[in-house]
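One structure below.
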Amino acid sequence: MTDKKVSARFRKQLKDELPTWQAEGLISPNQANALTQRYRLEKIGAESLRMLLGVIYAIGIVLVAIGVISFVAFHWTGMSKTSKVVLIFAAMLACHGAGFYLWQITDKSPKLGHALICLGTLIFGANIGLMAQIFHIKGQWNGMFLPWAIGAIAMAYAIGSMPNAAIAIVTSFIWFVGQNQWFYSPSSSWWYPFAAAAVLVPFAYIRRSGVVFVMTIICLAASIQICAGGAADFAGWAISALVTGALLFCWGLVSHGSDKFKSFAIPAMIAGAISTGLAQYLCSFRDFAEEMAMDTGLFVTGVTGNYLHVSSTIASLVVLLLLLPFAVKRIHTHKVLKAITRIIIATLMVITGSAFVNEILLVVVANIGFLAMAAVLIWAGCQLENRRLFWVGVLIVALMVVSRTLEYETGLLIKSAAFIACGIGLMIAGGMFEKYLKRRRISGE
Amino acid sequence: MAVAAQSAILAAVPSRQVYTRATGKLITIKTAPVDPYDFLSGYHVVLNYEISRPPGFEPTRWDRRTARERNKPVYVMLKAGPDNIWSATSVHNTLPGKVPDGCVVIKGREGGRRIRYGIESYFIPEKGREAIEKDLRQNQRQAKAQIKVDRFGNAALIRLIVEDRVYEY
């Protein structure tokens, strides 16, 4: 019998329904027992309690952490510097010590132990601020977040802790954003995407953590795009968004073929599609396309001159080209994925090329490309009988119509007609899709 | 190992300050305060100094290419006056090999139209903050800071002095 994963909601409903079915004679006691064993219904209570405890511990450590961080704002008087330093070290070491004892040494209370270790890492971050306060050290507002991230990722690797990895991702990204707050001035943090990829991606794969993987790819995509944008403004951001989008999508395709990392596939493909779609959507606006066409010179300068800030985009392109053969192999029998992949790769090449030619060509190409993406998604939704894909495609069409109506100077009458047509079109499309699904189900039976 | 790493990072945060406080020469310089509130770092006074704009200092014009050049270190020679207040005499791009007797060299970085030495913030307690702030504002011309400067030019702010009132935290 296959071990099929079902939702917690289904299991709870089944547990509630089984006595009724038995009472009505729909199933025998043996069958009820078999279903209970099959779906582990007797363990629902214990699992819920474990989840509740986990949430309570998480809320508890966050509250304590906020209290400690608030304490940073209150300055101690009357204590010597030495006493303060000893106290803050003691608080952090006590949490880590207690956490290790409860989790790793005695295994008496693993969840509480893990929560204490996470609290220790949060206190570590607050302590960095306290140390700076005690010794009157003042730097940039984001200065404390990088050492915090380093400490958190060290702990994450040491004990295989996903929450510590999450803390490391968030704090390191905050540091990076702080380094790039002046968008027009490329910062010295161009190396961040490389470091993040080298440190965080292996952790996600070693621990097979979907949450860490999703946070990592969002952090990587955003940081690569911020670096390119800092070097070459709109052109840098848009080209980087298209490259990282295509890379993430292919990464998802390759993961789809792996048994161990199949859970990484959908988030990567969705992230890739969103990144590509966003760049394409913005390029469909005339003003944005003009800016992008003007900034392509900066991008060329970035690639050939000061290449450091576009190096992560170039590296993403190289990785994309390396992954592409494996991705193509994965999809050669799957016509829907093949179509979506072709659209994404074509978008990258055509839009980037058009940006170097002319802004009018870029606008036309971006609009056609976005509508082509919508058409493929609608078709994919019909092929796979997937409502989500279908509706995303239909909403993209509606978004294009509304955007063009609002962008160009049109009279209220035309705007009104466009909105009404969109609304009616959505309703008709939805109705037709449902009828189509029903026909396919009947013919399938 | 991870706990050791976190402890090492925490110990590294004030290490330079601790070295400067332990080995540096104590000098007095004149200040001019401004006061913002920083949530994450408690209350602190932001200080300017007479030595922040030393003679011969020309701020670099800002543009995208020189963002890194503007942050390069500069070294300012200080000498004590007859009132034992130290003031700037010259600016150098590198640490001078030989420092004349009676002088110290302080290291800073160009920050806008002045030089920052890492001693522009002084944390003050919540209790009594208003009184300290008022005292500093009303007596700007009499306010002084005592700092320690080590042999590498790094500085640590020790205390603030307004007339005969000493503020040390």
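Naming works like this for the structure tokens: A, B, ... for the chains as they're shown, residue 1 at the start of each chain, ligands 1 onward in shown order.
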As a PDB file with C-alpha atoms, in the first residue's frame, please: the residues near A:Ala196 (cut-off 9 Å, only C-alpha atoms, same-chain neighbours under 2 positions excluded).
ATOM      1  CA  ILE A 169      18.856  34.687   5.995  1.00  0.00           C
ATOM      2  CA  SER A 172      22.073  38.966   6.348  1.00  0.00           C
ATOM      3  CA  TRP A 191      29.894  39.625  -3.150  1.00  0.00           C
ATOM      4  CA  TYR A 192      26.776  38.999  -1.015  1.00  0.00           C
ATOM      5  CA  PRO A 193      24.811  36.869  -3.550  1.00  0.00           C
ATOM      6  CA  PHE A 194      27.857  34.597  -3.998  1.00  0.00           C
ATOM      7  CA  ALA A 198      27.664  29.229  -1.096  1.00  0.00           C
ATOM      8  CA  VAL A 199      26.446  29.143   2.513  1.00  0.00           C
ATOM      9  CA  LEU A 200      22.648  28.883   2.368  1.00  0.00           C
ATOM     10  CA  VAL A 201      21.960  26.635  -0.640  1.00  0.00           C
ATOM     11  CA  THR A 216      17.173  31.387   0.153  1.00  0.00           C
ATOM     12  CA  CYS A 219      17.041  36.318  -0.915  1.00  0.00           C
ATOM     13  CA  LEU A 220      19.347  35.351  -3.807  1.00  0.00           C
TER      14      LEU A 220
END
Extract, using only C-alpha atoms, all DNA, RNA and protein residues at most 9 Å from A:Thr341, discarding same-chain residues fewer than 5 positions from it, and format them as a PDB file with all heavy atoms, in the first residue's frame.
ATOM      1  N   ALA A 246      14.583  33.000 -15.252  1.00  0.00           N
ATOM      2  CA  ALA A 246      14.811  31.815 -16.075  1.00  0.00           C
ATOM      3  C   ALA A 246      15.613  30.769 -15.301  1.00  0.00           C
ATOM      4  O   ALA A 246      15.328  29.564 -15.371  1.00  0.00           O
ATOM      5  CB  ALA A 246      15.551  32.212 -17.359  1.00  0.00           C
ATOM      6  N   PHE A 249      13.416  29.024 -12.727  1.00  0.00           N
ATOM      7  CA  PHE A 249      12.467  28.105 -13.365  1.00  0.00           C
ATOM      8  C   PHE A 249      13.169  26.814 -13.772  1.00  0.00           C
ATOM      9  O   PHE A 249      12.664  25.716 -13.527  1.00  0.00           O
ATOM     10  CB  PHE A 249      11.820  28.781 -14.572  1.00  0.00           C
ATOM     11  CG  PHE A 249      10.596  28.062 -15.032  1.00  0.00           C
ATOM     12  CD1 PHE A 249       9.369  28.254 -14.413  1.00  0.00           C
ATOM     13  CD2 PHE A 249      10.661  27.157 -16.090  1.00  0.00           C
ATOM     14  CE1 PHE A 249       8.239  27.568 -14.819  1.00  0.00           C
ATOM     15  CE2 PHE A 249       9.538  26.466 -16.506  1.00  0.00           C
ATOM     16  CZ  PHE A 249       8.319  26.673 -15.868  1.00  0.00           C
ATOM     17  N   CYS A 250      14.352  26.953 -14.369  1.00  0.00           N
ATOM     18  CA  CYS A 250      15.093  25.747 -14.782  1.00  0.00           C
ATOM     19  C   CYS A 250      15.546  24.954 -13.565  1.00  0.00           C
ATOM     20  O   CYS A 250      15.566  23.715 -13.582  1.00  0.00           O
ATOM     21  CB  CYS A 250      16.300  26.139 -15.633  1.00  0.00           C
ATOM     22  SG  CYS A 250      15.819  26.705 -17.254  1.00  0.00           S
ATOM     23  N   ALA A 327      17.437  20.603 -17.667  1.00  0.00           N
ATOM     24  CA  ALA A 327      16.036  21.006 -17.614  1.00  0.00           C
ATOM     25  C   ALA A 327      15.307  20.534 -18.874  1.00  0.00           C
ATOM     26  O   ALA A 327      14.178  20.025 -18.807  1.00  0.00           O
ATOM     27  CB  ALA A 327      15.932  22.531 -17.475  1.00  0.00           C
ATOM     28  N   VAL A 328      15.953  20.697 -20.015  1.00  0.00           N
ATOM     29  CA  VAL A 328      15.341  20.273 -21.289  1.00  0.00           C
ATOM     30  C   VAL A 328      15.092  18.767 -21.288  1.00  0.00           C
ATOM     31  O   VAL A 328      14.051  18.281 -21.725  1.00  0.00           O
ATOM     32  CB  VAL A 328      16.254  20.691 -22.474  1.00  0.00           C
ATOM     33  CG1 VAL A 328      15.861  19.970 -23.738  1.00  0.00           C
ATOM     34  CG2 VAL A 328      16.193  22.195 -22.674  1.00  0.00           C
ATOM     35  N   ILE A 331      11.976  17.832 -19.411  1.00  0.00           N
ATOM     36  CA  ILE A 331      10.651  18.213 -19.914  1.00  0.00           C
ATOM     37  C   ILE A 331      10.352  17.699 -21.318  1.00  0.00           C
ATOM     38  O   ILE A 331       9.339  18.063 -21.893  1.00  0.00           O
ATOM     39  CB  ILE A 331      10.492  19.756 -19.924  1.00  0.00           C
ATOM     40  CG1 ILE A 331      11.590  20.406 -20.769  1.00  0.00           C
ATOM     41  CG2 ILE A 331      10.498  20.305 -18.505  1.00  0.00           C
ATOM     42  CD1 ILE A 331      11.362  21.875 -21.033  1.00  0.00           C
ATOM     43  N   VAL A 336       3.401  20.758 -21.567  1.00  0.00           N
ATOM     44  CA  VAL A 336       3.044  22.009 -20.882  1.00  0.00           C
ATOM     45  C   VAL A 336       4.306  22.703 -20.347  1.00  0.00           C
ATOM     46  O   VAL A 336       4.533  23.889 -20.574  1.00  0.00           O
ATOM     47  CB  VAL A 336       2.053  21.725 -19.729  1.00  0.00           C
ATOM     48  CG1 VAL A 336       1.891  22.945 -18.854  1.00  0.00           C
ATOM     49  CG2 VAL A 336       0.715  21.293 -20.288  1.00  0.00           C
ATOM     50  N   ALA A 346      12.582  32.472 -24.203  1.00  0.00           N
ATOM     51  CA  ALA A 346      12.392  33.403 -25.318  1.00  0.00           C
ATOM     52  C   ALA A 346      12.235  34.823 -24.806  1.00  0.00           C
ATOM     53  O   ALA A 346      12.781  35.773 -25.377  1.00  0.00           O
ATOM     54  CB  ALA A 346      11.156  33.001 -26.134  1.00  0.00           C
TER      55      ALA A 346
END
Residues within 10 Å of A:Arg40, only C-alpha atoms, excluding chain neighbours under 5 positions, as a ChimeraX atom specification: /A:11,15,34-35
Polymer residues at most 10 Å from stretch 287-294 of chain A, only C-alpha atoms, same-chain spacing of 4 or more positions, as a VMD selection string: chain A and resid 232 to 239 281 to 283 298 to 299 352 354 to 364 366 407
Who sits within 12 Å of stretch 134-140 of chain B, only C-alpha atoms, same chain under 2 positions skipped, as a compact mmCIF listing (two decimals) with C-alpha atoms, in the first residue's frame:
# COMPACT_ATOMS: atom_id res chain seq x y z
CA LYS B 30 36.52 70.65 22.11
CA THR B 31 33.04 69.45 21.05
CA ALA B 32 29.71 70.67 19.57
CA PRO B 33 26.69 68.36 20.13
CA VAL B 34 23.52 67.43 18.21
CA ASP B 35 21.01 64.93 19.67
CA VAL B 45 24.44 62.21 21.80
CA VAL B 46 25.90 62.87 18.38
CA LEU B 47 29.01 65.01 18.68
CA ASN B 48 30.98 67.23 16.37
CA TYR B 49 34.50 68.34 17.14
CA GLU B 50 36.69 71.24 16.17
CA GLY B 128 18.80 62.27 33.39
CA ARG B 129 18.93 62.42 29.58
CA GLU B 130 17.02 65.67 29.37
CA ALA B 131 19.27 67.36 31.94
CA ILE B 132 22.44 66.25 30.14
CA GLN B 142 32.47 75.07 27.13
CA ALA B 143 31.83 71.39 26.30
CA LYS B 144 34.92 69.16 25.99
CA ALA B 145 35.53 65.46 25.41
CA LEU B 160 32.29 64.47 28.42
CA ILE B 161 33.09 67.56 30.50
CA VAL B 162 30.94 70.70 30.70
CA GLU B 163 32.60 73.33 32.93
CA ASP B 164 33.20 71.28 36.09
CA ARG B 165 30.52 68.64 35.43
CA VAL B 166 31.78 65.25 34.24
CA TYR B 167 29.56 62.82 32.33
